[in-house]
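Asker: Here it is: the structure, laid out below.
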Amino acid sequence: MESNWETAKVNGEPMRLYVSRPDGPGPFPGVVVAQHRDGVDEFVQEMTKRLARAGFLAAAPEIYHRDGPDCRDDGPTRATRLRDATVIKDGNAAVEFLKEQPMLKAGKIGIVGFCQGGRVAYLMACVNESLKVCVSYYPGNLFSAQGPGPAPFELSRQIAGPLLAHFGQEDGNPSPEHMGKLDDELTKLGKPHEFYSYPGAGHAFMNFSSGTYRPDAEKASWPRTLDFLKRYL
């Protein structure tokens with residue numbers, strides 16, 4: 001396995017991606033990894049490596065790139081500046097980056113996201129038909145837009161492929177009520193989806209670098225994620 005920082009272009013401007021490649025020539029299915037609010041940090045980089053070890057070409061776009069390399073604001077502050085329209089451009093650029101890789105298995109790209117990235121993954125699954133499968137971990141704020149335009153929830157009819165989502169039973173955003181509302185909507189629309197809720201877990205239960213980490217929820221959810229990706233990619 002090999003991991004490196006690489007670059008794609010968004011409206012002619014550079015955007016870094018952390019890319020992990022499996023060993024061997026491939027072809028391998030590709031996965032966009034949508035960052036949480038702390039950026040493409042150690043946790044997100046480790047997720048790309050885990051995916052590569054499982055046989056996926058994984059790329060995590062740095063969607064805070066418009067802040068510039070000298071920005072010292074923390075993740076929550078930077079997250080307030082995101083707008084759905086530019087996030088979509090970044091996600092589309094990451095998809096095109098994967099399509100250009102010689103080791104990609106043609107037509108086989110999915111997306112996985114955590115926290116803020118769970119919302120991004122859901123949004124991208126609604127707007128980019130090249131994404132054949134979506135895995136969303138505790139996607140908060142699905143019912144509100146960031147900037148002009150509809151909220152991700154309002155775009156649910158456009159989801160192109162199956163969706164897997166993981167929730168913490170003690171999370172407040174998304175809460176169990178939010179999970180139920182989303183489940184009802186996707187069921188009504190006839191969208192294939194699987195939802196799992198983990199007892200004793202709150203938000204960001206996958207993040208091993210924070211106090212919110214819950215190893216039992218991680219050990220239960222990650223095999224489900226890999227199985228889901230392999231099933232559809």
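Just so we're on the same page: first chain in the structure tokens is A, next is B, and so on; residues restart at 1 for each chain, and ligands are numbered from 1 in the order they show up.
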Apply DSSP to the backbone of this structure and, from stretch 50-173 of chain A, keep only the residues in strand (DSSP E or B); write these as an NGL selection string.
Answerer: :A and (57-61 or 104-114 or 131-137 or 163-168)
Asker: Would you mind exporting the chosen residues as a short mmCIF file (atom, residue, chain, number, x, y, z; two decimals), in the first residue's frame, restricted to N, CA and C atoms?
Answerer:
```cif
data_model
loop_
_atom_site.label_atom_id
_atom_site.label_comp_id
_atom_site.auth_asym_id
_atom_site.auth_seq_id
_atom_site.Cartn_x
_atom_site.Cartn_y
_atom_site.Cartn_z
N LEU A 57 -9.08 1.97 -4.03
CA LEU A 57 -8.29 3.16 -4.30
C LEU A 57 -9.02 4.33 -3.64
N ALA A 58 -8.43 4.91 -2.60
CA ALA A 58 -9.14 5.89 -1.77
C ALA A 58 -8.49 7.26 -1.86
N ALA A 59 -9.33 8.30 -1.99
CA ALA A 59 -8.84 9.67 -2.10
C ALA A 59 -9.69 10.59 -1.23
N ALA A 60 -9.03 11.35 -0.34
CA ALA A 60 -9.71 12.28 0.56
C ALA A 60 -9.40 13.71 0.15
N PRO A 61 -10.35 14.41 -0.49
CA PRO A 61 -10.10 15.80 -0.91
C PRO A 61 -10.08 16.76 0.28
N LEU A 104 -7.93 2.36 -11.60
CA LEU A 104 -9.34 2.36 -11.23
C LEU A 104 -10.12 1.33 -12.04
N LYS A 105 -10.99 0.61 -11.38
CA LYS A 105 -11.94 -0.26 -12.04
C LYS A 105 -13.06 0.60 -12.60
N ALA A 106 -13.16 0.66 -13.92
CA ALA A 106 -14.04 1.62 -14.58
C ALA A 106 -15.48 1.51 -14.10
N GLY A 107 -16.06 2.68 -13.82
CA GLY A 107 -17.47 2.73 -13.43
C GLY A 107 -17.75 2.33 -12.00
N LYS A 108 -16.71 2.12 -11.20
CA LYS A 108 -16.88 1.64 -9.83
C LYS A 108 -16.30 2.65 -8.83
N ILE A 109 -17.10 3.65 -8.47
CA ILE A 109 -16.68 4.66 -7.50
C ILE A 109 -17.79 4.85 -6.47
N GLY A 110 -17.40 4.89 -5.21
CA GLY A 110 -18.33 5.18 -4.13
C GLY A 110 -17.80 6.30 -3.26
N ILE A 111 -18.52 6.60 -2.20
CA ILE A 111 -18.10 7.66 -1.29
C ILE A 111 -18.40 7.25 0.14
N VAL A 112 -17.48 7.59 1.05
CA VAL A 112 -17.63 7.35 2.48
C VAL A 112 -17.33 8.66 3.19
N GLY A 113 -18.13 9.03 4.17
CA GLY A 113 -17.87 10.27 4.89
C GLY A 113 -18.21 10.16 6.36
N PHE A 114 -17.54 10.99 7.16
CA PHE A 114 -17.67 10.96 8.61
C PHE A 114 -18.05 12.33 9.13
N LEU A 131 -21.26 8.19 -8.56
CA LEU A 131 -21.10 7.56 -7.25
C LEU A 131 -22.14 6.46 -7.12
N LYS A 132 -21.69 5.22 -7.14
CA LYS A 132 -22.58 4.08 -7.20
C LYS A 132 -23.04 3.60 -5.83
N VAL A 133 -22.39 4.06 -4.78
CA VAL A 133 -22.74 3.64 -3.43
C VAL A 133 -22.27 4.71 -2.45
N CYS A 134 -23.00 4.86 -1.35
CA CYS A 134 -22.67 5.88 -0.35
C CYS A 134 -22.71 5.26 1.04
N VAL A 135 -21.68 5.56 1.84
CA VAL A 135 -21.67 5.19 3.26
C VAL A 135 -21.51 6.48 4.06
N SER A 136 -22.46 6.73 4.93
CA SER A 136 -22.49 7.98 5.68
C SER A 136 -22.48 7.70 7.18
N TYR A 137 -21.44 8.18 7.85
CA TYR A 137 -21.34 8.05 9.30
C TYR A 137 -21.86 9.31 9.98
N LEU A 163 -27.52 3.25 -0.11
CA LEU A 163 -26.96 4.04 0.98
C LEU A 163 -26.87 3.20 2.24
N LEU A 164 -25.73 3.28 2.92
CA LEU A 164 -25.54 2.71 4.25
C LEU A 164 -25.24 3.86 5.20
N ALA A 165 -25.93 3.92 6.33
CA ALA A 165 -25.67 4.99 7.30
C ALA A 165 -25.55 4.41 8.70
N HIS A 166 -24.61 4.98 9.47
CA HIS A 166 -24.34 4.57 10.85
C HIS A 166 -24.65 5.74 11.79
N PHE A 167 -25.35 5.44 12.87
CA PHE A 167 -25.77 6.47 13.82
C PHE A 167 -25.44 6.03 15.25
N GLY A 168 -25.16 7.01 16.09
CA GLY A 168 -25.02 6.75 17.52
C GLY A 168 -26.33 7.02 18.23
#
```
Asker: In Å, with one decimal, what is the gap from atom CA of A:Ser144 to atom CA of A:Val44?
Answerer: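 According to the coordinates, atom CA of A:Ser144 and atom CA of A:Val44 are separated by 24.5 Å.
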Asker: Can you pull out every residue within 9 Å of A:Leu82, counting only C-alpha atoms, but drop anything in the same chain fewer than 2 positions away, and send it as a ChimeraX atom specification?
Answerer: /A:63-64,78-80,84-87,146-147
Asker: Those same residues, written as a PDB file, in the first residue's frame with C-alpha atoms?
Answerer:
```pdb
ATOM      1  CA  ILE A  63     -12.239  20.806   1.040  1.00  0.00           C
ATOM      2  CA  TYR A  64     -10.824  23.623   3.179  1.00  0.00           C
ATOM      3  CA  ARG A  78     -13.355  26.652   8.870  1.00  0.00           C
ATOM      4  CA  ALA A  79     -16.456  24.502   8.561  1.00  0.00           C
ATOM      5  CA  THR A  80     -18.702  27.558   8.961  1.00  0.00           C
ATOM      6  CA  ASP A  84     -22.768  23.377  -0.627  1.00  0.00           C
ATOM      7  CA  ALA A  85     -22.093  24.719  -4.127  1.00  0.00           C
ATOM      8  CA  THR A  86     -18.305  24.704  -3.638  1.00  0.00           C
ATOM      9  CA  VAL A  87     -18.314  21.427  -1.708  1.00  0.00           C
ATOM     10  CA  GLN A 146     -25.172  25.638   3.605  1.00  0.00           C
ATOM     11  CA  GLY A 147     -25.587  28.641   1.359  1.00  0.00           C
TER      12      GLY A 147
END
```
Asker: A:Glu62, A:Glu42, A:Asp23, A:Glu170: which is nearest A:Met103, counting only C-alpha atoms?
Answerer: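 Looking only at the distances to A:Met103, the closest residue turns out to be A:Asp23.
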Asker: Point out the residue among A:Asn207, A:Gly140, A:Gly190, A:Gln101 with the least atom-to-atom distance to A:His178, counting only C-alpha atoms.
Answerer: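 Smallest distance to A:His178 is found for A:Gly140.
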Asker: Compile the contact shell of A:Met1 as a ChimeraX atom specification: residues with an atom at most 8 Å away, counting only C-alpha atoms, same-chain residues fewer than 4 positions apart removed.
Answerer: /A:20-23,49,52-53
Asker: Only N, CA and C atoms, please: the residues just picked out, written as a short mmCIF file (atom, residue, chain, number, x, y, z; two decimals), in the first residue's frame.
Answerer:
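out.cif, written as the output of this step:
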```cif
data_model
loop_
_atom_site.label_atom_id
_atom_site.label_comp_id
_atom_site.auth_asym_id
_atom_site.auth_seq_id
_atom_site.Cartn_x
_atom_site.Cartn_y
_atom_site.Cartn_z
N SER A 20 -4.54 6.90 -1.04
CA SER A 20 -3.96 5.61 -0.66
C SER A 20 -4.29 4.59 -1.73
N ARG A 21 -3.24 3.92 -2.23
CA ARG A 21 -3.38 2.94 -3.31
C ARG A 21 -3.08 1.54 -2.80
N PRO A 22 -3.92 0.57 -3.17
CA PRO A 22 -3.63 -0.81 -2.79
C PRO A 22 -2.38 -1.32 -3.52
N ASP A 23 -1.79 -2.36 -2.98
CA ASP A 23 -0.68 -3.02 -3.66
C ASP A 23 -1.21 -3.74 -4.90
N LYS A 49 -6.21 4.68 4.31
CA LYS A 49 -5.30 3.53 4.36
C LYS A 49 -6.06 2.23 4.61
N ALA A 52 -7.63 1.21 1.42
CA ALA A 52 -6.64 0.66 0.49
C ALA A 52 -6.25 -0.76 0.87
N ARG A 53 -6.08 -1.01 2.17
CA ARG A 53 -5.75 -2.36 2.61
C ARG A 53 -6.86 -3.35 2.25
#
```
Asker: To one decimal place in Å, what is the distance between atom CA of A:His65 and atom CA of A:Thr212?
Answerer: 26.6 Å
Asker: If DSSP is run on the backbone, what residues of stretch 44-169 of chain A are helix (DSSP H, G or I)? A reply as a PyMOL selection string would be ideal.
Answerer: chain A and resi 44-53+65-67+75-79+84-99+116-127+152-158
Asker: Taking 6 positions as the minimum chain separation for residues in the same chain, which residues sit within 8 Å of stretch 4-8 of chain A when counting only C-alpha atoms? Answer as an NGL selection string.
Answerer: :A and (14-20 or 93-94 or 97)
Asker: Write the residues of the preceding selection, restricted to N, CA and C atoms, as a PDB file, in the first residue's frame.
Answerer:
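Produced file selection38.pdb, reproduced below:
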```
ATOM      1  N   PRO A  14      -5.585  24.620  -7.388  1.00  0.00           N
ATOM      2  CA  PRO A  14      -5.196  23.313  -6.854  1.00  0.00           C
ATOM      3  C   PRO A  14      -5.978  22.937  -5.601  1.00  0.00           C
ATOM      4  N   MET A  15      -6.298  21.674  -5.511  1.00  0.00           N
ATOM      5  CA  MET A  15      -6.891  21.100  -4.307  1.00  0.00           C
ATOM      6  C   MET A  15      -6.124  19.829  -3.979  1.00  0.00           C
ATOM      7  N   ARG A  16      -5.593  19.743  -2.773  1.00  0.00           N
ATOM      8  CA  ARG A  16      -4.859  18.546  -2.378  1.00  0.00           C
ATOM      9  C   ARG A  16      -5.827  17.409  -2.048  1.00  0.00           C
ATOM     10  N   LEU A  17      -5.367  16.188  -2.293  1.00  0.00           N
ATOM     11  CA  LEU A  17      -6.069  14.985  -1.886  1.00  0.00           C
ATOM     12  C   LEU A  17      -5.064  14.048  -1.249  1.00  0.00           C
ATOM     13  N   TYR A  18      -5.491  13.382  -0.185  1.00  0.00           N
ATOM     14  CA  TYR A  18      -4.667  12.334   0.410  1.00  0.00           C
ATOM     15  C   TYR A  18      -5.110  11.023  -0.215  1.00  0.00           C
ATOM     16  N   VAL A  19      -4.194  10.366  -0.909  1.00  0.00           N
ATOM     17  CA  VAL A  19      -4.534   9.210  -1.733  1.00  0.00           C
ATOM     18  C   VAL A  19      -3.804   7.975  -1.221  1.00  0.00           C
ATOM     19  N   SER A  20      -4.541   6.896  -1.038  1.00  0.00           N
ATOM     20  CA  SER A  20      -3.960   5.607  -0.656  1.00  0.00           C
ATOM     21  C   SER A  20      -4.295   4.586  -1.734  1.00  0.00           C
ATOM     22  N   ALA A  93     -14.579  17.077  -8.400  1.00  0.00           N
ATOM     23  CA  ALA A  93     -13.166  17.030  -8.790  1.00  0.00           C
ATOM     24  C   ALA A  93     -12.491  15.771  -8.266  1.00  0.00           C
ATOM     25  N   ALA A  94     -12.861  15.352  -7.057  1.00  0.00           N
ATOM     26  CA  ALA A  94     -12.294  14.118  -6.507  1.00  0.00           C
ATOM     27  C   ALA A  94     -12.736  12.905  -7.321  1.00  0.00           C
ATOM     28  N   PHE A  97     -10.747  12.927 -10.468  1.00  0.00           N
ATOM     29  CA  PHE A  97      -9.377  12.494 -10.165  1.00  0.00           C
ATOM     30  C   PHE A  97      -9.294  10.974 -10.166  1.00  0.00           C
TER      31      PHE A  97
END
```
